[in-house]
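Everything below concerns the one structure shown next.
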Amino acid sequence: MNSAAVAKFERRVAKLSDEEVIKQLFDWQDWAYPAQRAPAGNWTTWLFMGGRGCGKTRTGAEWVREQVNAGVGPIALVGETMTEAMAIMVRGESGILDVFPDDAQPRIRQGTLLFPNGVEAMLMSASDPDRFRGPQFAAAWCDEVAKWPNATSAWDNLQFALRLGDKPRQLATTTPRPIPLLRRLLTDSNTVFTHMRTADNHAHLAPDFMTAVVGRYEGTLLGRQELDGELIEDDPGALWQRGMFRRFEGGQIGRIVVAVDPPVTGNASSDACGIVVAGRAGEGVAVLEDCTVRPAAPLAWARRAVAAFHAHQADAIVVEVNQGGDLVRSVIAQVDGAVPVREVRAIRGKWLRAEPVAALYGRGLVSHADGLTALEDEMCAFGVDGRSDGHSPDRVDALVWAVTDLLLNEMRPRIRGL
């Protein structure tokens, strides 16, 4: 909790007896937000989607406590892996062990939780769907289903195992991703859906997290998914889809370039200056860093590009000179005249230049280092009009120049500007 919430809580507790404090502490219906309370009605699946830190784990653990107290069991506790199921769902700060009072704590024996009233809960790994073929359950809590590597297969196998009791039910808690399983659940008449944003739970989150993380990503596509808990679908008209992005796993990097797409003007309302660093990695290209800067006065973007050149020990700066010509080269020379500069000139539209680069992604020849979410958001919003969410795709332009220089120009005769 933040300091204000702590002070309010302390004043409230001071008025209670010891017995009342214990009762209040474990009264989840009093503490929970509306979206965290089990919905009424005749449902089979409760899908709770939310942002990071919105209270998904606590919701799942408290729902399990409700099932245990009602004598419903056995219960499946399904995580992406056995390790995550134990570390997050059971032993986590908001996990099962944290929400049960001392006299109701389970014993843990070989991946099974044994509760004093006789109910059992079994840890299961979604990474091994065939493991669901043997056990039978009356309820299940499935955590972060959007991360499961074989989500549809694991979910379907779990359904065959939910065959005990009068009304087998399951709770799925997750930060959303546009996977087929989530789309299916959202249209299933037997599913009820609740939703929370990270900001909805701000009273229980560190102020620095709200300022640094939420402030940084709020309003971006990544923020809408990871903080607001929105299911962000790919734009079918965009050149790139999120499933095309491969993670760079490391390895030998060959020739490296810093590609720059400078803005026409350099005031506060100007477009950003796209600056992307990429290098040859085997038969393909690894995108290493996005150094895009805004506002982008000429010396500001030149300094950023030269700094990236030295930081990555690059071989050249590749810069588009349609707007600025000799001025572009001279600005870089003011920062460091020894940096090799290769000028490129666009003679085709943005979409036509980007198409062959997107095709390389489709073939799995381009990978991304961590930390490129802003670039990926812009790529997935890049439409046929050559815009990205209505804005100039400065990062995309720089990326296209980098990949073209490193890979496409080695696959065909060198033609300036293509």
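Labels used: A, B, ... for chains in the order of the structure tokens, numbers from 1 for residues in each chain, and numbers from 1 for ligands as shown.
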
Residues of region 45-196 of chain A in helix (DSSP H, G or I), written as a PyMOL selection string: chain A and resi 56-69+82-90+96-99+102-104+129-133+145-147+151-161+180-186

Contacts of Val99 (chain A) at 12 Å or less, counting only C-alpha atoms, minus same-chain residues fewer than 5 places along, as an MDAnalysis selection string? chainID A and resid 22 25:28 57:66 68 89:94 104:106

Between A:Ile88, A:Leu123, A:Leu113, A:Met196, which is the closest to Arg37 (chain A) once you count only C-alpha atoms? A:Met196

Give the strand (DSSP E or B) residues of region 249-401 of chain A, as DSSP finds them on the backbone, and put them as JSON, numbers by chain. {"A": [256, 257, 258, 259, 260, 261, 273, 274, 275, 276, 277, 278, 279, 280, 281, 284, 285, 286, 287, 288, 289, 290, 293, 316, 317, 318, 319, 320, 341, 342, 343, 344, 366, 367, 368, 382, 388, 391]}

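For the choices A:Phe115, A:Phe100, A:Phe309, A:Trp155, the atom-to-atom distance to Val339 (chain A) is smallest for A:Phe309 when using only C-alpha atoms.
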
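The shortest atom-to-atom distance to Gly95 (chain A), with only C-alpha atoms taken into account, belongs to A:Trp141 out of A:Trp141, A:Phe382, A:Trp351, A:Trp43.
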
Just want the 8 Å neighbourhood of region 360-373 of chain A, counted on only C-alpha atoms, with same-chain residues fewer than 5 positions away dropped. Output as a compact mmCIF listing (two decimals) with all heavy atoms, in the first residue's frame.
```txt
# COMPACT_ATOMS: atom_id res chain seq x y z
N LEU A 222 1.52 -1.18 -25.94
CA LEU A 222 1.99 -2.08 -24.89
C LEU A 222 1.32 -1.75 -23.57
O LEU A 222 0.91 -2.65 -22.82
CB LEU A 222 3.50 -1.98 -24.75
CG LEU A 222 4.12 -2.92 -23.70
CD1 LEU A 222 4.00 -4.37 -24.14
CD2 LEU A 222 5.58 -2.56 -23.43
N MET A 244 5.07 -12.21 -35.86
CA MET A 244 6.25 -12.24 -36.73
C MET A 244 7.53 -11.88 -35.99
O MET A 244 8.62 -12.05 -36.53
CB MET A 244 6.05 -11.26 -37.89
CG MET A 244 4.87 -11.60 -38.79
SD MET A 244 4.40 -10.25 -39.93
CE MET A 244 5.82 -10.20 -41.01
N PHE A 245 7.42 -11.39 -34.75
CA PHE A 245 8.60 -10.94 -34.04
C PHE A 245 9.28 -12.11 -33.34
O PHE A 245 8.67 -12.80 -32.53
CB PHE A 245 8.25 -9.85 -33.02
CG PHE A 245 7.66 -8.61 -33.64
CD1 PHE A 245 6.56 -7.98 -33.06
CD2 PHE A 245 8.17 -8.09 -34.82
CE1 PHE A 245 6.00 -6.85 -33.63
CE2 PHE A 245 7.63 -6.97 -35.40
CZ PHE A 245 6.55 -6.34 -34.81
N ARG A 246 10.54 -12.30 -33.66
CA ARG A 246 11.36 -13.33 -33.03
C ARG A 246 12.35 -12.68 -32.07
O ARG A 246 12.90 -11.62 -32.37
CB ARG A 246 12.15 -14.14 -34.07
CG ARG A 246 11.30 -14.95 -35.01
CD ARG A 246 12.13 -15.59 -36.10
NE ARG A 246 13.27 -16.31 -35.56
CZ ARG A 246 14.55 -15.98 -35.76
NH1 ARG A 246 14.85 -14.90 -36.47
NH2 ARG A 246 15.53 -16.70 -35.26
N ARG A 247 12.58 -13.31 -30.94
CA ARG A 247 13.51 -12.77 -29.95
C ARG A 247 14.94 -13.10 -30.34
O ARG A 247 15.25 -14.23 -30.72
CB ARG A 247 13.20 -13.33 -28.56
CG ARG A 247 14.04 -12.73 -27.44
CD ARG A 247 13.56 -13.26 -26.09
NE ARG A 247 14.29 -12.65 -25.00
CZ ARG A 247 15.44 -13.12 -24.53
NH1 ARG A 247 15.98 -14.21 -25.05
NH2 ARG A 247 16.05 -12.51 -23.52
N PHE A 248 15.81 -12.09 -30.27
CA PHE A 248 17.23 -12.32 -30.54
C PHE A 248 17.84 -13.03 -29.34
O PHE A 248 17.85 -12.51 -28.23
CB PHE A 248 17.94 -10.99 -30.80
CG PHE A 248 19.42 -11.13 -31.01
CD1 PHE A 248 19.93 -12.00 -31.95
CD2 PHE A 248 20.32 -10.39 -30.23
CE1 PHE A 248 21.30 -12.14 -32.15
CE2 PHE A 248 21.68 -10.51 -30.41
CZ PHE A 248 22.17 -11.39 -31.38
N GLU A 249 18.35 -14.22 -29.55
CA GLU A 249 18.87 -15.05 -28.46
C GLU A 249 20.36 -14.85 -28.23
O GLU A 249 20.96 -15.55 -27.42
CB GLU A 249 18.58 -16.53 -28.75
CG GLU A 249 17.11 -16.86 -28.93
CD GLU A 249 16.33 -16.74 -27.63
OE1 GLU A 249 16.97 -16.62 -26.57
OE2 GLU A 249 15.09 -16.75 -27.69
N GLU A 283 22.51 -15.57 -41.14
CA GLU A 283 21.89 -15.30 -42.44
C GLU A 283 20.88 -14.17 -42.37
O GLU A 283 20.31 -13.79 -43.40
CB GLU A 283 21.18 -16.57 -42.95
CG GLU A 283 22.12 -17.74 -43.21
CD GLU A 283 23.14 -17.39 -44.29
OE1 GLU A 283 22.73 -16.84 -45.34
OE2 GLU A 283 24.33 -17.68 -44.09
N GLY A 284 20.65 -13.65 -41.18
CA GLY A 284 19.64 -12.62 -41.04
C GLY A 284 20.15 -11.36 -40.38
O GLY A 284 21.34 -11.03 -40.43
N VAL A 285 19.23 -10.65 -39.75
CA VAL A 285 19.53 -9.36 -39.11
C VAL A 285 18.96 -9.38 -37.69
O VAL A 285 17.85 -9.88 -37.47
CB VAL A 285 18.90 -8.20 -39.91
CG1 VAL A 285 18.97 -6.89 -39.14
CG2 VAL A 285 19.60 -8.05 -41.26
N ALA A 286 19.72 -8.81 -36.76
CA ALA A 286 19.22 -8.60 -35.40
C ALA A 286 19.06 -7.10 -35.18
O ALA A 286 20.00 -6.33 -35.39
CB ALA A 286 20.20 -9.18 -34.38
N VAL A 287 17.86 -6.68 -34.79
CA VAL A 287 17.63 -5.29 -34.44
C VAL A 287 18.02 -5.13 -32.97
O VAL A 287 17.47 -5.78 -32.09
CB VAL A 287 16.15 -4.89 -34.65
CG1 VAL A 287 15.95 -3.41 -34.36
CG2 VAL A 287 15.73 -5.21 -36.08
N LEU A 288 19.00 -4.27 -32.71
CA LEU A 288 19.65 -4.23 -31.41
C LEU A 288 19.13 -3.14 -30.49
O LEU A 288 19.07 -3.32 -29.27
CB LEU A 288 21.16 -4.05 -31.60
CG LEU A 288 21.84 -5.12 -32.48
CD1 LEU A 288 23.30 -4.74 -32.72
CD2 LEU A 288 21.73 -6.49 -31.84
N GLU A 289 18.77 -1.97 -31.04
CA GLU A 289 18.35 -0.88 -30.18
C GLU A 289 17.54 0.13 -30.98
O GLU A 289 17.79 0.34 -32.17
CB GLU A 289 19.56 -0.19 -29.53
CG GLU A 289 19.18 0.83 -28.46
CD GLU A 289 20.39 1.45 -27.77
OE1 GLU A 289 21.53 1.20 -28.20
OE2 GLU A 289 20.18 2.21 -26.80
N ASP A 290 16.58 0.73 -30.29
CA ASP A 290 15.80 1.84 -30.85
C ASP A 290 16.20 3.09 -30.07
O ASP A 290 15.91 3.21 -28.89
CB ASP A 290 14.31 1.55 -30.70
CG ASP A 290 13.42 2.72 -31.14
OD1 ASP A 290 13.96 3.66 -31.77
OD2 ASP A 290 12.22 2.68 -30.86
```

Pairwise distance, CA of Ala296 (chain A) with CA of Ala316 (chain A), equals 20.5 Å

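Distance check against Met49 (chain A) using only C-alpha atoms: of A:Ala70, A:Ala154, A:Ala161, A:Leu171, the minimum falls on A:Leu171.
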
Write out as an NGL selection string which residues come within 9 Å of region 186-195 of chain A when counting only C-alpha atoms, dropping same-chain ones fewer than 6 positions away. :A and (34-36 or 39 or 41-51 or 228-230)

Measure the distance from CA of Asp30 (chain A) to CA of Ile96 (chain A) in Å and round it to one decimal. 18.1 Å

What's around Arg395 (chain A) at 9 Å? Count only C-alpha atoms, leave out sequence neighbours fewer than 2 positions away in its own chain, and write the answer as JSON, numbers by chain. {"A": [260, 261, 272, 273, 274, 275, 276, 290, 291, 292, 374, 375, 378, 379, 392, 393, 397, 398, 399, 400]}

I'd like the interatomic distance between CA of Gly79 (chain A) and CA of Asp208 (chain A), to a tenth of an Å. 28.7 Å
